[in-house]
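Engineer: Have a look at this one before I ask anything.
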Amino acid sequence: NNMGFIGYPVVNAVIGPEGMGFAALFNLGFNLLLFTYGIVLLRQGQVRVNWKTFLNAGTLSALLAILLLLTRWPVVSCLSYMGNAMTFFASAIIGHSLARTSWKVVLENKKLYLFVALRYLLVPILLGLALKRVVSNELLLNVFVLLMAMPAANMPLMMAQEYDMETDTLTGGIVLSTVCSIVTITVVATVVRML
């Protein structure tokens, strides 16, 4: 899910600053999973997977970010400025992919609409109801459920392009889930407040 660009502002607006620590932990988990298991999935049959597979820009930068945060080096603010520039680059990559996508094919794909409804409405609500029985920390539960409702992230698209995979469906899913997130996040946020 798009936990960074959309998730942080939504968690801050719906839950408040007290939820931002949990949001950052979930985002860290997402990034570590994406840059380890995600790469294994994308490289299936292309290269042999070993421990060096996990030493990549994503995992190394996550570890460096944790180290810099813990040591409170003054370089952190400089890196924040550089990180903010990445929003433009991520948007440019999505725009490039959109320019090559057949909108007729995307808009006529009924499975994509069904996927968005199930994944971004039903799954967060059902997970929230199920986890409510075992998770006693209400703040943690609310942040998790809300982040589960965030639209699809751009990073899987960039990684799929890197490995020359078909990206039209993924691009359509990102755009459709982002457009529909106006409704899906609102519904899930309402349910979160009732949990």
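Quick note on naming: the chains in the structure tokens go A, B, ... in the order shown, residues restart at 1 in each chain, and ligands are numbered from 1 in order of appearance.
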So which residues touch Val116 (chain A) within 8 Å, counting only C-alpha atoms, skipping near sequence neighbours fewer than 4 positions away, as a VMD selection string?
Structural biologist: chain A and resid 112 120 to 121 173 176 to 177 180
Engineer: Where does region 119-195 of chain A meet region 29-43 of chain A within 12 Å, residue by residue, with the nearest atom pair and distance in Å to one decimal for each, counting only C-alpha atoms, listed by chain and rising number, as a Markdown table?
Structural biologist:
| residue | atom | partner | partner_atom | distance |
| --- | --- | --- | --- | --- |
| A:Phe144 | CA | A:Gly29 | CA | 11.9 |
| A:Leu147 | CA | A:Phe30 | CA | 10.9 |
| A:Met148 | CA | A:Phe30 | CA | 11.2 |
| A:Ala153 | CA | A:Phe30 | CA | 10.4 |
| A:Asn154 | CA | A:Leu34 | CA | 11.6 |
| A:Met155 | CA | A:Leu34 | CA | 8.5 |
| A:Pro156 | CA | A:Leu34 | CA | 7.9 |
| A:Leu157 | CA | A:Leu42 | CA | 11.3 |
| A:Met158 | CA | A:Leu42 | CA | 11.5 |
| A:Met159 | CA | A:Leu42 | CA | 8.0 |
| A:Ala160 | CA | A:Leu42 | CA | 7.3 |
| A:Gln161 | CA | A:Leu42 | CA | 10.4 |
| A:Glu162 | CA | A:Leu42 | CA | 9.5 |
| A:Tyr163 | CA | A:Leu42 | CA | 7.0 |
| A:Asp164 | CA | A:Leu42 | CA | 9.9 |
| A:Met165 | CA | A:Leu42 | CA | 8.7 |
| A:Glu166 | CA | A:Leu42 | CA | 11.7 |
Engineer: Enumerate, in order of chain and increasing residue number, the residues of region 97-186 of chain A with an atom no farther than 8 Å from region 6-25 of chain A, each with its shortest atom pair and distance in Å to one decimal, counting only C-alpha atoms, as CSV.
Structural biologist:
residue,atom,partner,partner_atom,distance
A:Leu139,CA,A:Gly19,CA,6.6
A:Leu140,CA,A:Phe22,CA,6.5
A:Asn142,CA,A:Ile15,CA,7.8
A:Val143,CA,A:Gly19,CA,6.3
A:Phe144,CA,A:Ala23,CA,7.7
A:Leu146,CA,A:Val11,CA,7.1
A:Leu147,CA,A:Gly7,CA,5.9
A:Met150,CA,A:Gly7,CA,6.2
Engineer: Mind pulling up the distance from CA of Arg133 (chain A) to CA of Ala149 (chain A)?
Structural biologist: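 Pair CA of Ala149 (chain A) / CA of Arg133 (chain A) returns 19.7 Å.
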